[in-house]
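**Q** One structure, as structure tokens, below. Some questions next.
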Amino acid sequence: MPQFGDDNDGRKAINRADSVPGVRDMLTTLVSLPSISSASAEWDHSNEPVVRRLGEWLEALGFAVELLAVPDMPGKYNLIATLGSGSGGLVLAGHTDTVPFDDQRWQSDPFTLTERDNRWYGLGTCDMKGFFPLAIEAAKAFTAADLKQPLIILATADEETSMNGARALAEAGKPKARYAVIGEPTSLRPVRMHKGIMMERLTFEGQSGHSSDPSLGRNALEGMHEALGELLALRTDWQAQYRNPNFEVQVPTLNLGCIHGGDNPNRICARCELHFDLRPLPGMSMENLRQDILHRLRPLAERRELTMEFEPLFDGVPPFETPADAALVKACEALTGHTAHAVAFATEAPWLQKLGMETLVLGPGSIDQAHQPDEFIEMSQLEPTVKILQGLIRQFCL
């Protein structure tokens, strides 16, 4: 994929900055460019137009811009834009994709930025295209010559579905910096921890037969009934062992989401499939949880002569935590006036941590508006966001 130009002269960027639109015009453009990510092909879009437009604006400010194709995902790209150089520095990160939408429930066009009631409405305004114009606006106050450590703006692909954009960056070992702030909607309150997400599939295969004689088959549905009891017993064990008072729901959760099995009342059920959701706390290993489940269920399947398959529906998101006394946490608390807290939703933070960065989640907008019809961002949060980001740039790049 062709790269943007590598002109990174800070003083020249001052003369080119007038080609970068204001916050409203930038967000108008980003909202107008569909970048939905979805497991359904009829909804899924490339995010290339979004990252290319971001790259044009950032290049005009003197950033060196790199586009990276996400492996095995045609049309999906990550963007890394770097101003300045050094071994430390700050990453301002966000994802470029949005969720699908139901246009019958929107009062205005989801792809047109609409102002009413001191809010900007549009798909992605809150989650989380709205962060990028504010990060760019904050960056306008600085040139490469000002910075002792680099400022990096990171834009990822497919956060709303696979998180493969962030996963690919972690595997590639880039970007490199000391600190990272992810601008997910937190109402400008810093978040230093969240639970993980695991979505798993359990399948039992038995033998069909006439229901009048159970010996003619092996009932997968009865095996699943026993497995449900084992999973609920595991949930009880985990909740007795793990607790974190920072979370509103202080224990790990397991939700039995959907089940399908059999085809007729008078046939022995030959196949049954269960999908369930696990939300581990920081400090819990997803691999250990899967091994606990296998340890409970394999003997059951063998005893009932059922073939068992157990696999993730997707790779999952690990739980995330940054220590309360970390420099980035203290800086964000001082700039916002809020103590860092925990949230239930997951982010790309674990993969930025894998790159060695002290990581925190902080951005405008409320998670209550994310994934909702008439998604919006409060205009009152725009200027405070820019000031907070400029404060972070001064502290960690100057």
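Residues are referred to by chain and number: the chain letter is A, B, ... according to the order shown in the structure tokens, the number counts from 1 in that chain, and ligands are numbered separately from 1 in the order shown.
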Name all residues at most 8 Å from stretch 284-291 of chain A (count only C-alpha atoms; drop same-chain ones fewer than 5 positions away) and give them as a ChimeraX atom specification.

**A** /A:198,318-319

**Q** Export, as a PDB file, in the first residue's frame, the selected residues with N, CA and C atoms.

**A**
```pdb
ATOM      1  N   MET A 198     -14.984 -13.147  26.894  1.00  0.00           N
ATOM      2  CA  MET A 198     -14.820 -14.434  26.234  1.00  0.00           C
ATOM      3  C   MET A 198     -16.186 -14.884  25.756  1.00  0.00           C
ATOM      4  N   PRO A 318      -8.610  -9.808  26.655  1.00  0.00           N
ATOM      5  CA  PRO A 318      -8.163 -10.029  28.031  1.00  0.00           C
ATOM      6  C   PRO A 318      -8.615  -8.896  28.944  1.00  0.00           C
ATOM      7  N   PRO A 319      -8.722  -9.169  30.243  1.00  0.00           N
ATOM      8  CA  PRO A 319      -8.976  -8.078  31.183  1.00  0.00           C
ATOM      9  C   PRO A 319      -7.788  -7.121  31.219  1.00  0.00           C
TER      10      PRO A 319
END
```

**Q** Any chance you could tabulate, as a Markdown table, the residues of stretch 161-225 of chain A at most 12 Å from stretch 37-44 of chain A with each one's nearest atom pair and distance in Å to one decimal, using only C-alpha atoms, in chain and rising number order?

**A**
```
| residue | atom | partner | partner_atom | distance |
| --- | --- | --- | --- | --- |
| A:Thr161 | CA | A:Ser38 | CA | 6.0 |
| A:Ser162 | CA | A:Ala39 | CA | 8.5 |
| A:Met163 | CA | A:Ser37 | CA | 10.2 |
| A:Asn164 | CA | A:Ser37 | CA | 11.2 |
| A:Gly165 | CA | A:Ser37 | CA | 11.4 |
```

**Q** How close does each residue of stretch 266-384 of chain A get to stretch 201-216 of chain A, giving the shortest atom pair and distance in Å to one decimal for every residue with an atom at most 12 Å away, counting only C-alpha atoms, sorted by chain and residue number, as a Markdown table?

**A**
```
| residue | atom | partner | partner_atom | distance |
| --- | --- | --- | --- | --- |
| A:Asn266 | CA | A:Ser211 | CA | 4.9 |
| A:Arg267 | CA | A:Ser211 | CA | 5.0 |
| A:Ile268 | CA | A:Ser208 | CA | 4.8 |
| A:Cys269 | CA | A:Ser208 | CA | 5.7 |
| A:Ala270 | CA | A:Gly206 | CA | 4.5 |
| A:Arg271 | CA | A:Glu205 | CA | 4.6 |
| A:Cys272 | CA | A:Phe204 | CA | 5.4 |
| A:Glu273 | CA | A:Thr203 | CA | 4.4 |
| A:Leu274 | CA | A:Leu202 | CA | 5.1 |
| A:His275 | CA | A:Arg201 | CA | 4.7 |
| A:Phe276 | CA | A:Arg201 | CA | 6.7 |
| A:Asp277 | CA | A:Arg201 | CA | 9.2 |
| A:Leu278 | CA | A:Arg201 | CA | 11.4 |
| A:Arg290 | CA | A:Arg201 | CA | 11.2 |
| A:Ile293 | CA | A:Leu202 | CA | 10.2 |
| A:Leu294 | CA | A:Leu202 | CA | 10.2 |
| A:Leu297 | CA | A:Leu202 | CA | 9.7 |
| A:Arg298 | CA | A:Phe204 | CA | 10.7 |
| A:Leu300 | CA | A:Phe204 | CA | 10.5 |
| A:Ala301 | CA | A:Phe204 | CA | 7.7 |
| A:Glu302 | CA | A:Phe204 | CA | 10.8 |
| A:Arg303 | CA | A:Gly206 | CA | 11.9 |
| A:Arg304 | CA | A:Gly206 | CA | 8.6 |
| A:Glu305 | CA | A:Gly206 | CA | 7.2 |
| A:Leu306 | CA | A:Gly206 | CA | 5.0 |
| A:Thr307 | CA | A:Glu205 | CA | 4.9 |
| A:Met308 | CA | A:Phe204 | CA | 4.7 |
| A:Glu309 | CA | A:Thr203 | CA | 5.1 |
| A:Phe310 | CA | A:Leu202 | CA | 4.6 |
| A:Glu311 | CA | A:Arg201 | CA | 5.4 |
| A:Pro312 | CA | A:Arg201 | CA | 5.9 |
| A:Leu313 | CA | A:Arg201 | CA | 6.0 |
| A:Phe314 | CA | A:Arg201 | CA | 9.6 |
| A:Asp315 | CA | A:Arg201 | CA | 11.8 |
```

**Q** Leaving out stretch 349-353 of chain A and any residue of its chain fewer than 4 positions from it, which residues lie within 8 Å of it when counting only C-alpha atoms, given as an mmCIF file with N, CA and C atoms, in the first residue's frame?

**A**
```cif
data_model
loop_
_atom_site.group_PDB
_atom_site.id
_atom_site.type_symbol
_atom_site.label_atom_id
_atom_site.label_comp_id
_atom_site.auth_asym_id
_atom_site.auth_seq_id
_atom_site.Cartn_x
_atom_site.Cartn_y
_atom_site.Cartn_z
ATOM 1 N N ALA A 166 -5.993 -3.973 16.474
ATOM 2 C CA ALA A 166 -5.098 -3.838 17.622
ATOM 3 C C ALA A 166 -4.250 -5.083 17.804
ATOM 4 N N ARG A 167 -4.844 -6.239 17.560
ATOM 5 C CA ARG A 167 -4.106 -7.499 17.692
ATOM 6 C C ARG A 167 -2.927 -7.527 16.706
ATOM 7 N N LEU A 169 -1.322 -4.976 15.470
ATOM 8 C CA LEU A 169 -0.281 -4.044 15.916
ATOM 9 C C LEU A 169 0.588 -4.676 16.997
ATOM 10 N N ALA A 170 -0.037 -5.362 17.942
ATOM 11 C CA ALA A 170 0.728 -6.011 19.005
ATOM 12 C C ALA A 170 1.665 -7.066 18.428
ATOM 13 N N ALA A 180 0.027 5.536 26.632
ATOM 14 C CA ALA A 180 -1.053 5.491 25.638
ATOM 15 C C ALA A 180 -2.382 5.826 26.296
ATOM 16 N N ILE A 182 -6.446 5.827 25.250
ATOM 17 C CA ILE A 182 -7.449 5.403 24.286
ATOM 18 C C ILE A 182 -8.695 6.252 24.500
ATOM 19 N N VAL A 317 -11.065 -10.801 24.504
ATOM 20 C CA VAL A 317 -10.345 -9.612 24.947
ATOM 21 C C VAL A 317 -9.899 -9.845 26.382
ATOM 22 N N PRO A 318 -8.610 -9.808 26.655
ATOM 23 C CA PRO A 318 -8.163 -10.029 28.031
ATOM 24 C C PRO A 318 -8.615 -8.896 28.944
ATOM 25 N N PRO A 319 -8.722 -9.169 30.243
ATOM 26 C CA PRO A 319 -8.976 -8.078 31.183
ATOM 27 C C PRO A 319 -7.788 -7.121 31.219
ATOM 28 N N PHE A 320 -8.048 -5.900 31.663
ATOM 29 C CA PHE A 320 -7.046 -4.834 31.626
ATOM 30 C C PHE A 320 -6.978 -4.133 32.963
ATOM 31 N N MET A 357 3.333 -0.256 26.849
ATOM 32 C CA MET A 357 2.913 1.100 27.183
ATOM 33 C C MET A 357 2.031 1.131 28.428
ATOM 34 N N GLU A 358 2.268 2.114 29.279
ATOM 35 C CA GLU A 358 1.349 2.409 30.377
ATOM 36 C C GLU A 358 0.083 2.965 29.730
ATOM 37 N N THR A 359 -1.054 2.344 29.986
ATOM 38 C CA THR A 359 -2.253 2.605 29.188
ATOM 39 C C THR A 359 -3.430 3.009 30.070
ATOM 40 N N LEU A 360 -4.242 3.916 29.548
ATOM 41 C CA LEU A 360 -5.439 4.382 30.245
ATOM 42 C C LEU A 360 -6.499 4.712 29.205
ATOM 43 N N VAL A 361 -7.770 4.620 29.588
ATOM 44 C CA VAL A 361 -8.888 4.924 28.688
ATOM 45 C C VAL A 361 -9.536 6.214 29.150
#
```

**Q** Give me the residues near A:Leu151 as a PyMOL selection string, where near means some atom within 8 Å (using only C-alpha atoms) and where sequence neighbours in that chain fewer than 5 positions away do not count.

**A** chain A and resi 82-84+89-92+393+397

**Q** Just the number, please: distance in Å from atom CA of A:Ala342 to atom CA of A:Met193, one decimal.

**A** 4.8 Å

**Q** From stretch 163-388 of chain A, collect each residue whose DSSP state is strand (DSSP E) and return the set as a PyMOL selection string.

**A** chain A and resi 179-182+191-194+198-205+253-261+271-279+307-312+320-321+341-343+358-361+376-378

**Q** Looking at only C-alpha atoms, which of A:Ala157, A:Ala64, A:Leu234, A:Met128 is the one that sits closest to A:Val31?

**A** A:Met128

**Q** Nearest residue to A:Ala155 out of A:Leu67, A:Leu30, A:Leu79, A:Met199, using only C-alpha atoms?

**A**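 Closest to A:Ala155 of all the choices is A:Leu79.
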
**Q** Just the number, please: distance in Å from atom CA of A:Gly262 to atom CA of A:Gly316, one decimal.

**A**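 If I compute the distance from atom CA of A:Gly262 to atom CA of A:Gly316, I get 28.7 Å.
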
**Q** Determine the nearest neighbour of A:Ser108 from the options A:Phe142, A:Phe131, A:Tyr242, A:Tyr121, counting only C-alpha atoms.

**A**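 Residue with the minimum atom-to-atom distance to A:Ser108: A:Tyr121.
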
**Q** Using only C-alpha atoms, which residue out of A:Arg192, A:Lys76, A:His95, A:Lys140 lies closest to A:Gly22?

**A**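 So, comparing all the options, the nearest one is A:Lys140.
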
**Q** For A:Asn118, please output as an MDAnalysis selection string all residues within 7 Å (counting only C-alpha atoms; exclusion window: fewer than 3 positions along the same chain).

**A** chainID A and resid 115 378:379

**Q** Provide the atom CA of A:Trp106 to atom CA of A:Gln369 distance in Å, to one decimal place.

**A** 12.7 Å

**Q** What's around A:Ala135 at 10 Å? Count only C-alpha atoms, leave out sequence neighbours fewer than 5 positions away in its own chain, and write the answer as number ranges by chain.

**A** A: 23, 92-94, 130, 140, 153, 183, 385-390

**Q** Excluding same-chain residues fewer than 5 positions from A:Tyr77, what lies within 6 Å of it counting only C-alpha atoms, as a list in words?

**A** Leu68, Ala69, Val70 and Ala157 of chain A

**Q** Write down as a PyMOL selection string the residues belonging to stretch 92-245 of chain A that are assigned helix (DSSP H, G or I) by DSSP computed on the backbone.

**A** chain A and resi 103-105+131-139+144-146+164-172+214-216+220-241

**Q** Could you take the residues named above and write them with N, CA and C atoms, as a compact mmCIF listing (two decimals), in the first residue's frame?

**A**
```
# COMPACT_ATOMS: atom_id res chain seq x y z
N ASP A 103 -31.74 2.62 10.62
CA ASP A 103 -32.08 3.99 10.21
C ASP A 103 -33.54 4.34 10.53
N GLN A 104 -34.39 3.34 10.77
CA GLN A 104 -35.78 3.63 11.12
C GLN A 104 -35.89 4.24 12.52
N ARG A 105 -34.85 4.07 13.33
CA ARG A 105 -34.89 4.57 14.70
C ARG A 105 -34.10 5.87 14.87
N PHE A 131 -13.34 11.42 18.70
CA PHE A 131 -12.06 11.63 19.39
C PHE A 131 -10.98 12.15 18.45
N PHE A 132 -10.99 11.71 17.18
CA PHE A 132 -9.88 12.04 16.29
C PHE A 132 -9.77 13.53 15.97
N PRO A 133 -10.85 14.24 15.62
CA PRO A 133 -10.71 15.68 15.40
C PRO A 133 -10.20 16.42 16.64
N LEU A 134 -10.58 15.96 17.82
CA LEU A 134 -10.13 16.62 19.05
C LEU A 134 -8.66 16.35 19.30
N ALA A 135 -8.20 15.13 19.02
CA ALA A 135 -6.78 14.82 19.15
C ALA A 135 -5.96 15.63 18.14
N ILE A 136 -6.47 15.76 16.91
CA ILE A 136 -5.77 16.55 15.90
C ILE A 136 -5.76 18.03 16.29
N GLU A 137 -6.88 18.52 16.80
CA GLU A 137 -6.94 19.91 17.24
C GLU A 137 -5.93 20.15 18.36
N ALA A 138 -5.81 19.21 19.28
CA ALA A 138 -4.82 19.34 20.35
C ALA A 138 -3.41 19.36 19.79
N ALA A 139 -3.17 18.53 18.78
CA ALA A 139 -1.83 18.43 18.20
C ALA A 139 -1.42 19.69 17.43
N ALA A 144 7.13 19.41 15.59
CA ALA A 144 8.16 18.43 15.90
C ALA A 144 9.30 19.07 16.68
N ALA A 145 9.59 20.33 16.37
CA ALA A 145 10.69 21.01 17.06
C ALA A 145 10.38 21.24 18.54
N ASP A 146 9.09 21.28 18.89
CA ASP A 146 8.70 21.47 20.29
C ASP A 146 8.92 20.22 21.13
N ASN A 164 -9.06 -7.23 15.58
CA ASN A 164 -7.88 -7.69 14.86
C ASN A 164 -6.93 -6.57 14.48
N GLY A 165 -7.44 -5.34 14.40
CA GLY A 165 -6.53 -4.23 14.13
C GLY A 165 -5.52 -4.06 15.24
N ALA A 166 -5.99 -3.97 16.47
CA ALA A 166 -5.10 -3.84 17.62
C ALA A 166 -4.25 -5.08 17.80
N ARG A 167 -4.84 -6.24 17.56
CA ARG A 167 -4.11 -7.50 17.69
C ARG A 167 -2.93 -7.53 16.71
N ALA A 168 -3.16 -7.06 15.48
CA ALA A 168 -2.11 -7.05 14.47
C ALA A 168 -0.98 -6.10 14.86
N LEU A 169 -1.32 -4.98 15.47
CA LEU A 169 -0.28 -4.04 15.92
C LEU A 169 0.59 -4.68 17.00
N ALA A 170 -0.04 -5.36 17.94
CA ALA A 170 0.73 -6.01 19.01
C ALA A 170 1.67 -7.07 18.43
N GLU A 171 1.18 -7.81 17.42
CA GLU A 171 2.02 -8.82 16.80
C GLU A 171 3.16 -8.20 16.00
N ALA A 172 2.91 -7.03 15.43
CA ALA A 172 3.95 -6.34 14.65
C ALA A 172 4.93 -5.56 15.54
N PRO A 214 -34.30 -45.52 24.65
CA PRO A 214 -33.10 -44.69 24.83
C PRO A 214 -31.80 -45.39 24.47
N SER A 215 -31.80 -46.72 24.52
CA SER A 215 -30.56 -47.44 24.21
C SER A 215 -30.19 -47.37 22.74
N LEU A 216 -31.10 -46.90 21.91
CA LEU A 216 -30.83 -46.82 20.47
C LEU A 216 -29.97 -45.62 20.10
N ALA A 220 -27.45 -36.06 23.10
CA ALA A 220 -26.57 -34.90 23.28
C ALA A 220 -27.22 -33.83 24.15
N LEU A 221 -28.56 -33.75 24.10
CA LEU A 221 -29.25 -32.73 24.88
C LEU A 221 -29.17 -33.06 26.38
N GLU A 222 -29.27 -34.33 26.72
CA GLU A 222 -29.11 -34.71 28.12
C GLU A 222 -27.68 -34.43 28.59
N GLY A 223 -26.71 -34.69 27.71
CA GLY A 223 -25.33 -34.36 28.06
C GLY A 223 -25.15 -32.87 28.29
N MET A 224 -25.81 -32.05 27.46
CA MET A 224 -25.70 -30.60 27.63
C MET A 224 -26.37 -30.16 28.93
N HIS A 225 -27.46 -30.81 29.29
CA HIS A 225 -28.12 -30.49 30.56
C HIS A 225 -27.15 -30.67 31.72
N GLU A 226 -26.40 -31.76 31.71
CA GLU A 226 -25.42 -31.98 32.77
C GLU A 226 -24.28 -30.96 32.68
N ALA A 227 -23.88 -30.63 31.46
CA ALA A 227 -22.81 -29.65 31.28
C ALA A 227 -23.21 -28.27 31.80
N LEU A 228 -24.49 -27.91 31.63
CA LEU A 228 -24.96 -26.62 32.15
C LEU A 228 -24.78 -26.56 33.66
N GLY A 229 -25.07 -27.65 34.33
CA GLY A 229 -24.88 -27.68 35.77
C GLY A 229 -23.42 -27.51 36.15
N GLU A 230 -22.52 -28.12 35.38
CA GLU A 230 -21.09 -27.98 35.66
C GLU A 230 -20.62 -26.54 35.44
N LEU A 231 -21.11 -25.91 34.39
CA LEU A 231 -20.72 -24.52 34.12
C LEU A 231 -21.21 -23.59 35.21
N LEU A 232 -22.43 -23.81 35.66
CA LEU A 232 -22.96 -22.95 36.73
C LEU A 232 -22.21 -23.20 38.04
N ALA A 233 -21.79 -24.44 38.28
CA ALA A 233 -20.99 -24.72 39.47
C ALA A 233 -19.63 -24.04 39.38
N LEU A 234 -19.05 -24.03 38.19
CA LEU A 234 -17.78 -23.31 37.99
C LEU A 234 -17.96 -21.82 38.25
N ARG A 235 -19.06 -21.27 37.76
CA ARG A 235 -19.33 -19.85 37.99
C ARG A 235 -19.37 -19.56 39.49
N THR A 236 -20.03 -20.40 40.24
CA THR A 236 -20.09 -20.22 41.69
C THR A 236 -18.69 -20.27 42.30
N ASP A 237 -17.88 -21.22 41.85
CA ASP A 237 -16.50 -21.33 42.36
C ASP A 237 -15.70 -20.07 42.06
N TRP A 238 -15.78 -19.60 40.80
CA TRP A 238 -15.01 -18.41 40.42
C TRP A 238 -15.46 -17.18 41.20
N GLN A 239 -16.77 -17.05 41.37
CA GLN A 239 -17.27 -15.87 42.08
C GLN A 239 -16.93 -15.90 43.56
N ALA A 240 -16.73 -17.09 44.11
CA ALA A 240 -16.29 -17.19 45.50
C ALA A 240 -14.80 -16.87 45.62
N GLN A 241 -14.05 -17.13 44.55
CA GLN A 241 -12.60 -16.97 44.59
C GLN A 241 -12.14 -15.57 44.18
```
